[in-house]
>>> print(open('work-v3.txt').read())   # compact mmCIF, C-alpha atoms and all ligand atoms
# COMPACT_ATOMS: atom_id res chain seq x y z
CA MET D 21 -12.98 -140.01 -173.93
CA LYS D 22 -13.63 -143.58 -172.88
CA LEU D 23 -15.34 -142.41 -169.68
CA VAL D 24 -17.75 -140.21 -171.65
CA ALA D 25 -18.79 -143.14 -173.80
CA THR D 26 -19.31 -145.40 -170.79
CA ILE D 27 -21.32 -142.79 -168.89
CA LEU D 28 -23.50 -142.00 -171.90
CA LEU D 29 -24.20 -145.68 -172.35
CA LEU D 30 -25.03 -146.16 -168.66
CA ALA D 31 -27.19 -143.04 -168.64
CA VAL D 32 -29.13 -144.32 -171.65
CA LEU D 33 -29.56 -147.73 -170.06
CA GLY D 34 -30.46 -146.17 -166.72
CA VAL D 35 -27.78 -148.23 -165.00
CA THR D 36 -25.20 -146.99 -162.54
CA SER D 37 -22.82 -149.22 -160.68
CA ASP D 38 -23.20 -149.16 -156.94
CA ALA D 39 -19.76 -150.32 -155.92
CA LYS D 40 -19.67 -151.37 -152.30
CA ASN D 41 -17.09 -154.07 -152.47
CA ILE D 42 -17.70 -156.98 -150.13
CA ARG D 43 -13.96 -157.67 -149.93
CA ALA D 44 -13.39 -154.23 -148.45
CA THR D 45 -12.13 -153.98 -144.89
CA PRO D 46 -13.60 -151.43 -142.49
CA ILE D 47 -11.62 -148.23 -142.05
CA THR D 48 -10.98 -147.17 -138.46
CA ASP D 49 -11.25 -143.68 -136.97
CA GLU D 50 -7.45 -143.65 -136.56
CA GLU D 51 -7.00 -144.46 -140.24
CA LEU D 52 -9.39 -141.65 -141.20
CA LEU D 53 -7.37 -139.20 -139.10
CA ALA D 54 -4.06 -140.28 -140.61
CA LEU D 55 -5.31 -140.37 -144.21
CA SER D 56 -7.11 -137.02 -144.03
CA LYS D 57 -3.97 -135.39 -142.62
CA ASP D 58 -2.00 -136.92 -145.48
CA LEU D 59 -4.53 -135.59 -148.00
CA HIS D 60 -4.28 -132.09 -146.52
CA ILE D 61 -0.46 -132.25 -146.65
CA ASN D 62 -0.69 -133.26 -150.32
CA ASP D 63 -3.03 -130.39 -151.19
CA VAL D 64 -0.52 -128.31 -153.16
CA ASN D 65 -3.33 -126.56 -155.07
CA GLY D 66 -5.04 -125.43 -151.89
CA ALA D 67 -5.24 -121.67 -151.35
CA ILE D 68 -4.13 -119.61 -148.41
CA VAL D 69 -7.24 -117.50 -147.93
CA LYS D 70 -7.34 -114.49 -145.65
CA LEU D 71 -10.74 -113.93 -144.07
CA ASP D 72 -12.16 -111.03 -142.07
CA LEU D 73 -14.43 -112.90 -139.64
CA GLN D 74 -15.68 -109.85 -137.69
CA GLY D 75 -18.65 -110.41 -135.35
CA LYS D 76 -20.09 -113.68 -134.14
CA THR D 77 -23.70 -114.52 -134.90
CA THR D 78 -26.12 -117.40 -134.35
CA ILE D 79 -27.77 -120.09 -136.47
CA GLY D 80 -30.62 -118.68 -138.53
CA ASP D 81 -30.00 -115.01 -137.73
CA ILE D 82 -30.30 -113.33 -141.11
CA THR D 83 -31.64 -110.04 -139.79
CA THR D 84 -28.68 -108.75 -137.77
CA ASP D 85 -25.52 -107.81 -139.61
CA ASN D 86 -22.58 -108.45 -137.31
CA ALA D 87 -20.07 -107.95 -140.08
CA PRO D 88 -20.03 -104.64 -141.92
CA SER D 89 -17.09 -105.67 -144.16
CA ARG D 90 -16.73 -108.52 -146.60
CA LEU D 91 -15.67 -111.99 -145.50
CA PHE D 92 -12.98 -112.61 -148.12
CA VAL D 93 -9.92 -110.37 -147.95
CA SER D 94 -7.75 -112.33 -150.42
CA ASP D 95 -8.17 -111.78 -154.13
CA LEU D 96 -8.36 -115.30 -155.53
CA ALA D 97 -8.32 -114.53 -159.26
CA ASP D 98 -4.89 -116.19 -159.63
CA VAL D 99 -5.84 -119.21 -157.55
CA PHE D 100 -8.92 -119.71 -159.72
CA THR D 101 -6.73 -120.10 -162.82
CA ARG D 102 -5.10 -123.24 -161.34
CA PRO D 103 -6.29 -126.12 -163.52
CA THR D 104 -8.55 -127.95 -161.09
CA PHE D 105 -10.11 -124.70 -159.85
CA ALA D 106 -10.68 -123.58 -163.45
CA ALA D 107 -12.25 -126.95 -164.30
CA ALA D 108 -14.52 -126.77 -161.23
CA LEU D 109 -15.57 -123.21 -162.08
CA GLU D 110 -16.49 -124.36 -165.61
CA LEU D 111 -19.18 -126.53 -164.03
CA PHE D 112 -21.06 -123.83 -162.15
CA ASN D 113 -23.11 -122.62 -165.10
CA ASN D 114 -24.13 -126.19 -166.00
CA TYR D 115 -26.92 -126.42 -163.45
CA ALA D 116 -30.15 -124.60 -162.67
CA ARG D 117 -30.25 -123.71 -158.98
CA ASN D 118 -34.05 -123.81 -159.16
CA TYR D 119 -35.06 -127.36 -158.20
CA SER D 120 -38.43 -126.98 -159.93
CA VAL D 121 -36.61 -126.88 -163.25
CA GLN D 122 -35.53 -130.12 -164.92
CA GLU D 123 -31.74 -130.15 -165.40
CA GLN D 124 -30.35 -129.94 -168.91
CA PHE D 125 -27.88 -132.70 -169.61
CA THR D 126 -25.87 -131.94 -172.71
CA PRO D 127 -22.77 -133.64 -174.15
CA GLU D 128 -20.84 -130.41 -173.39
CA GLN D 129 -21.82 -130.55 -169.72
CA LEU D 130 -20.85 -134.20 -169.50
CA ALA D 131 -17.52 -133.45 -171.20
CA GLU D 132 -16.82 -130.74 -168.60
CA GLU D 133 -17.67 -133.09 -165.74
CA VAL D 134 -15.41 -135.76 -167.18
CA ALA D 135 -12.61 -133.22 -167.77
CA PHE D 136 -12.91 -132.20 -164.13
CA ILE D 137 -12.69 -135.82 -162.94
CA ASP D 138 -9.75 -136.51 -165.28
CA LEU D 139 -7.88 -133.48 -163.91
CA VAL D 140 -8.48 -134.18 -160.24
CA MET D 141 -7.34 -137.76 -160.77
CA GLU D 142 -3.97 -136.38 -161.87
CA THR D 143 -3.44 -134.76 -158.46
CA SER D 144 -1.59 -136.49 -155.65
CA VAL D 145 -4.59 -135.86 -153.37
CA MET D 146 -6.88 -138.09 -155.42
CA GLN D 147 -4.11 -140.61 -156.12
CA VAL D 148 -3.33 -140.99 -152.41
CA LEU D 149 -7.04 -141.52 -151.75
CA HIS D 150 -7.37 -144.04 -154.58
CA GLN D 151 -4.30 -146.02 -153.46
CA PHE D 152 -5.57 -146.12 -149.89
CA LEU D 153 -8.98 -147.42 -151.00
CA ILE D 154 -7.27 -150.04 -153.20
CA SER D 155 -5.18 -151.17 -150.23
CA LYS D 156 -8.39 -151.65 -148.25
CA GLY D 157 -10.08 -153.64 -151.00
CA TYR D 158 -12.65 -151.02 -152.07
CA PHE D 159 -11.34 -150.63 -155.61
CA THR D 160 -8.95 -152.23 -158.07
CA GLU D 161 -6.04 -150.46 -159.80
CA ASP D 162 -8.43 -149.67 -162.66
CA VAL D 163 -8.51 -145.85 -162.69
CA GLN D 164 -11.45 -145.81 -165.13
CA GLU D 165 -13.52 -147.75 -162.63
CA PHE D 166 -12.76 -145.20 -159.91
CA LYS D 167 -13.54 -142.28 -162.22
CA GLN D 168 -16.81 -143.93 -163.14
CA PHE D 169 -17.62 -144.31 -159.44
CA LEU D 170 -16.87 -140.62 -158.81
CA TRP D 171 -19.06 -139.53 -161.70
CA ASN D 172 -21.95 -141.77 -160.60
CA LYS D 173 -21.91 -140.61 -157.01
CA TRP D 174 -21.32 -136.89 -157.57
CA PHE D 175 -22.64 -136.05 -161.02
CA ALA D 176 -25.48 -138.43 -161.91
CA ARG D 177 -28.81 -136.56 -161.68
CA TRP D 178 -31.61 -137.43 -159.30
CA SER D 179 -34.95 -136.06 -158.17
CA VAL D 180 -35.96 -135.19 -154.63
CA TYR D 181 -37.84 -131.89 -154.34
CA VAL D 182 -40.47 -132.09 -157.05
CA PRO D 183 -41.61 -135.60 -158.04
CA GLY D 184 -40.56 -136.42 -161.59
CA VAL D 185 -38.36 -133.34 -161.96
CA VAL D 186 -34.75 -134.48 -162.17
CA ALA D 187 -33.13 -131.31 -160.89
CA SER D 188 -30.21 -132.31 -158.66
CA SER D 189 -26.81 -133.91 -158.42
CA GLY D 190 -24.55 -134.18 -155.40
CA TRP D 191 -21.97 -131.85 -156.88
CA GLU D 192 -24.61 -129.27 -157.82
CA HIS D 193 -26.31 -129.47 -154.42
CA THR D 194 -23.03 -129.17 -152.51
CA TYR D 195 -21.37 -126.51 -154.64
CA LEU D 196 -24.10 -124.45 -156.27
CA GLY D 197 -26.93 -125.01 -153.80
CA GLU D 198 -30.57 -125.41 -154.70
CA SER D 199 -33.68 -123.34 -154.09
CA GLY D 200 -37.20 -123.24 -155.46
CA SER D 201 -40.51 -121.52 -155.02
CA ASP D 202 -39.90 -120.51 -151.39
CA GLU D 203 -36.83 -118.71 -150.08
CA ILE D 204 -35.02 -121.65 -148.53
CA LEU D 205 -31.58 -122.50 -149.85
CA TYR D 206 -30.33 -126.11 -149.65
CA GLY D 207 -26.79 -127.41 -149.96
CA PHE D 208 -24.43 -124.53 -150.81
CA GLU D 209 -21.46 -125.74 -148.78
CA SER D 210 -18.50 -124.78 -150.96
CA TRP D 211 -16.25 -121.89 -150.00
CA ILE D 212 -15.57 -121.28 -153.70
CA GLN D 213 -19.21 -120.47 -154.37
CA VAL D 214 -19.48 -118.32 -151.23
CA TYR D 215 -16.49 -116.36 -152.54
CA ASN D 216 -18.12 -116.05 -155.99
CA GLU D 217 -21.43 -114.85 -154.60
CA GLU D 218 -19.69 -112.26 -152.46
CA GLU D 219 -17.75 -111.11 -155.55
CA TYR D 220 -20.98 -110.82 -157.57
CA GLY D 221 -22.48 -108.73 -154.76
CA HIS D 222 -25.17 -111.36 -154.10
CA LEU D 223 -24.02 -112.36 -150.64
CA ASN D 224 -23.93 -110.10 -147.63
CA TYR D 225 -21.72 -111.73 -144.99
CA LEU D 226 -23.50 -111.39 -141.64
CA GLY D 227 -20.92 -112.88 -139.25
CA TYR D 228 -19.67 -116.34 -138.30
CA ILE D 229 -21.27 -118.96 -136.08
CA GLU D 230 -18.30 -121.27 -135.44
CA VAL D 231 -14.73 -121.33 -136.66
CA ILE D 232 -11.62 -123.53 -136.52
CA GLU D 233 -8.53 -121.80 -137.87
CA THR D 234 -5.61 -123.95 -138.99
CA GLU D 235 -2.27 -123.30 -140.70
CA SER D 236 -3.77 -123.75 -144.17
CA THR D 237 -7.57 -123.90 -143.95
CA THR D 238 -10.49 -122.39 -142.04
CA VAL D 239 -13.48 -124.51 -141.08
CA LEU D 240 -16.35 -122.08 -140.83
CA SER D 241 -20.09 -122.02 -140.29
CA LEU D 242 -22.13 -118.97 -141.20
CA PRO D 243 -25.72 -118.02 -142.01
CA ILE D 244 -26.29 -117.43 -145.73
CA LEU D 245 -28.44 -114.71 -147.25
CA LEU D 246 -28.36 -114.43 -151.04
CA ASN D 247 -29.79 -111.35 -152.73
CA GLY D 248 -29.41 -112.21 -156.40
CA ASN D 249 -32.39 -112.22 -158.80
CA HIS D 250 -34.04 -114.33 -156.11
CA VAL D 251 -33.65 -113.85 -152.35
CA SER D 252 -32.85 -117.11 -150.55
CA TYR D 253 -31.40 -118.01 -147.20
CA LYS D 254 -30.02 -120.86 -145.17
CA PRO D 255 -29.74 -120.92 -141.34
CA PHE D 256 -26.11 -122.00 -141.69
CA SER D 257 -23.63 -123.40 -144.18
CA ASN D 258 -20.41 -125.19 -143.27
CA LEU D 259 -17.31 -124.50 -145.31
CA ASN D 260 -13.77 -125.83 -145.53
CA VAL D 261 -12.12 -122.62 -146.72
CA GLY D 262 -8.92 -122.94 -148.73
CA VAL D 263 -9.11 -126.59 -149.78
CA SER D 264 -8.70 -127.30 -153.49
CA PRO D 265 -11.59 -128.81 -155.47
CA GLU D 266 -9.75 -132.15 -155.44
CA LEU D 267 -9.39 -132.13 -151.66
CA GLU D 268 -13.04 -131.18 -151.21
CA LEU D 269 -13.99 -134.09 -153.49
CA ALA D 270 -11.54 -136.52 -151.87
CA LEU D 271 -12.72 -135.82 -148.31
CA GLY D 272 -16.39 -136.06 -149.28
CA THR D 273 -15.79 -139.30 -151.19
CA LEU D 274 -13.80 -140.78 -148.30
CA CYS D 275 -16.49 -139.88 -145.76
CA TYR D 276 -19.22 -141.26 -148.04
CA ILE D 277 -17.43 -144.57 -148.62
CA THR D 278 -16.47 -145.14 -145.01
CA ARG D 279 -19.23 -143.58 -142.90
CA ASP D 280 -22.38 -143.24 -145.03
CA GLY D 281 -25.40 -144.38 -143.05
CA VAL D 282 -23.48 -144.13 -139.77
CA ASP D 283 -24.99 -141.63 -137.39
CA GLU D 284 -21.64 -139.99 -136.68
CA PRO D 285 -19.53 -137.53 -138.60
CA CYS D 286 -16.11 -138.32 -140.04
CA VAL D 287 -13.41 -136.85 -137.86
CA PHE D 288 -10.58 -135.56 -140.00
CA GLN D 289 -7.30 -133.82 -139.38
CA THR D 290 -5.63 -130.89 -141.13
CA SER D 291 -1.96 -130.73 -142.12
CA ASP D 292 -1.18 -129.31 -138.66
CA ALA D 293 -3.16 -132.09 -136.95
CA ILE D 294 -6.18 -129.99 -135.96
CA GLU D 295 -9.34 -132.09 -135.85
CA TYR D 296 -12.61 -131.16 -137.51
CA ALA D 297 -15.69 -133.09 -138.56
CA MET D 298 -17.39 -133.73 -141.85
CA ASP D 299 -20.82 -135.10 -142.76
CA VAL D 300 -21.91 -136.64 -146.03
CA HIS D 301 -25.59 -137.34 -146.69
CA SER D 302 -26.76 -139.72 -149.38
CA ILE D 303 -30.02 -140.27 -151.17
CA ASP D 304 -31.63 -143.25 -152.88
CA TYR D 305 -33.15 -142.59 -156.27
CA ASN D 306 -34.47 -145.36 -158.53
CA GLY D 307 -32.67 -147.92 -156.39
CA VAL D 308 -29.25 -146.29 -156.59
CA ASN D 309 -27.50 -144.46 -153.78
CA TYR D 310 -26.01 -141.04 -154.56
CA ILE D 311 -24.15 -138.40 -152.57
CA GLU D 312 -26.63 -135.67 -151.73
CA ASN D 313 -24.58 -133.22 -149.69
CA SER D 314 -21.06 -133.01 -148.30
CA HIS D 315 -19.80 -130.47 -145.77
CA THR D 316 -17.85 -129.83 -142.61
CA THR D 317 -19.92 -129.85 -139.44
CA PHE D 318 -19.94 -128.50 -135.91
CA GLY D 319 -22.55 -131.07 -134.92
CA GLU D 320 -25.76 -129.35 -136.03
CA GLU D 321 -28.41 -131.20 -138.02
CA GLU D 322 -28.94 -130.07 -141.57
CA ASP D 323 -30.34 -130.98 -144.97
C1 LIG U 1 -38.51 -121.98 -160.26
O1 LIG U 1 -39.16 -122.60 -161.33
C2 LIG U 1 -40.57 -122.66 -161.20
C3 LIG U 1 -41.12 -123.50 -162.35
O2 LIG U 1 -40.64 -123.02 -163.57
C4 LIG U 1 -41.14 -121.25 -161.16
O3 LIG U 1 -42.54 -121.28 -160.95
C5 LIG U 1 -40.48 -120.48 -160.02
O4 LIG U 1 -40.89 -119.14 -160.03
C6 LIG U 1 -38.96 -120.55 -160.15
N1 LIG U 1 -38.38 -119.93 -158.99
C7 LIG U 1 -37.42 -119.02 -159.09
C8 LIG U 1 -36.93 -118.49 -157.82
O5 LIG U 1 -36.97 -118.65 -160.15
>>> encode(input="work-v3.txt", output="structure tokens")
Amino acid sequence: MKLVATILLLAVLGVTSDAKNIRATPITDEELLALSKDLHINDVNGAIVKLDLQGKTTIGDITTDNAPSRLFVSDLADVFTRPTFAAALELFNNYARNYSVQEQFTPEQLAEEVAFIDLVMETSVMQVLHQFLISKGYFTEDVQEFKQFLWNKWFARWSVYVPGVVASSGWEHTYLGESGSDEILYGFESWIQVYNEEEYGHLNYLGYIEVIETESTTVLSLPILLNGNHVSYKPFSNLNVGVSPELELALGTLCYITRDGVDEPCVFQTSDAIEYAMDVHSIDYNGVNYIENSHTTFGEEED
């Protein structure tokens, strides 16, 4: 539990390391293609997910239903018992989606976040990423240092919607999504949560906007309408359906480290060499840069 102790100390001191190593060498587009393909090939925990795409729709159309049936055909109960999926799912109830509500930050929540990071670091996906970043001078062999970096960038809390209300983290924004007094939903880019919301009966799939189908994954954009206790919507969300939580984290981390602040997406490749793009947005809060949102993209602008 060394990481827990370090994070607690840093959280108390209000310090987070902002590792951007000056010895690091730039990573080329060709290297991003090759590495991302390698990460996809290593994604043994990834799920083969059967979708029923049905009708096509357009950005922001939440009034026409072009898809009478559900999106997800596969039952993923077994997949969700795989250790990294189970650890990711443990995190969902740790955050309030309402960005007007200050986030709780309990030792139990921190322990779950650390357990998740520990588990994903045992996968070959995260180890391949770590070794690549070491070879390029971004990190040392110190695994604790890399775990600390992951926690800082994805799990440290920040404030953006309501001044003084610390209601967000990159992982929460990307996976759970955030909404507040109006009906607009922000973030919400994880296929796992879209699956969950459809299972709960909170999400009515309305059709797809764009799709890239590959041998193992489906890159998909779709409008989102949630009808839970609170109605909220998003003109479109971009998913990478089938990737494991570790691959989703690895790709977002890679894009953040190599292309943050660059006005171009990361172009990645699947295991069968099909190209798709990913965007990671960051945010500065109290002088530290954090991941805000991480998702595949078809080139549209989004929050
Ligand atoms: C979010 O929280 C604020 C402040 O507590 C409250 O006024 C608002 O109704 C909440 N919104 C939803 C959708 O629960």
>>> residues_near_ligand(input="work-v3.txt", ligand="ligand LIG 1 (chain U)", cutoff="6 Å", atoms="only C-alpha atoms and all ligand atoms", output="JSON, numbers by chain")
{"D": [118, 120, 121, 200, 201, 250]}
>>> closest_residue(input="work-v3.txt", among="D:Tyr228, D:Phe166, D:Phe318, D:Tyr206", to="D:Val180", atoms="all atoms listed in the file")
D:Tyr206
>>> closest_residue(input="work-v3.txt", among="D:Lys173, D:Lys167, D:His301, D:Arg90", to="D:Leu223", atoms="all atoms listed in the file")
D:Arg90
>>> residues_near_point(input="work-v3.txt", point="(-12.6, -155.8, -144.4)", cutoff="12 Å", atoms="all atoms listed in the file", output="list of chain:residue names")
D:Lys40, D:Asn41, D:Ile42, D:Arg43, D:Ala44, D:Thr45, D:Pro46, D:Ile47, D:Thr48, D:Leu153, D:Ile154, D:Ser155, D:Lys156, D:Gly157, D:Tyr158, D:Thr278
>>> closest_residue(input="work-v3.txt", among="D:Arg102, D:Ile229, D:Ile137, D:Trp171", to="D:Asp81", atoms="only C-alpha atoms")
D:Ile229
>>> residues_around(input="work-v3.txt", residues="D:Leu91", least_positions_apart="2", cutoff="10 Å", atoms="all atoms listed in the file", output="ChimeraX atom specification")
/D:70-74,87-89,93-94,214-215,218,223-228
>>> residues_around(input="work-v3.txt", residues="D:Thr234", least_positions_apart="2", cutoff="10 Å", atoms="all atoms listed in the file", output="ChimeraX atom specification")
/D:231-232,236-239,290-295
>>> closest_atom_pairs(input="work-v3.txt", of="stretch 250-285 of chain D", to="stretch 53-62 of chain D", cutoff="10 Å", atoms="all atoms listed in the file", output="tab-separated table")
residue	atom	partner	partner_atom	distance
D:Val263	CA	D:His60	CA	8.0
D:Ser264	CA	D:His60	CA	9.5
D:Glu266	CA	D:Leu59	CA	9.7
D:Leu267	CA	D:Leu59	CA	7.0
D:Glu268	CA	D:His60	CA	10.0
D:Ala270	CA	D:Leu59	CA	8.1
D:Leu271	CA	D:Ser56	CA	7.2
D:Leu274	CA	D:Ser56	CA	8.8
D:Cys275	CA	D:Ser56	CA	10.0
>>> closest_residue(input="work-v3.txt", among="D:Trp178, D:Phe105, D:Tyr119, D:Phe112", to="D:Glu217", atoms="only C-alpha atoms")
D:Phe112
>>> closest_residue(input="work-v3.txt", among="D:Glu198, D:Glu50, D:Asp304, D:Glu284", to="D:Leu246", atoms="only C-alpha atoms")
D:Glu198
>>> atom_distance(input="work-v3.txt", atom1="atom CA of D:Ser144", atom2="atom CA of D:Val287")
21.4 Å
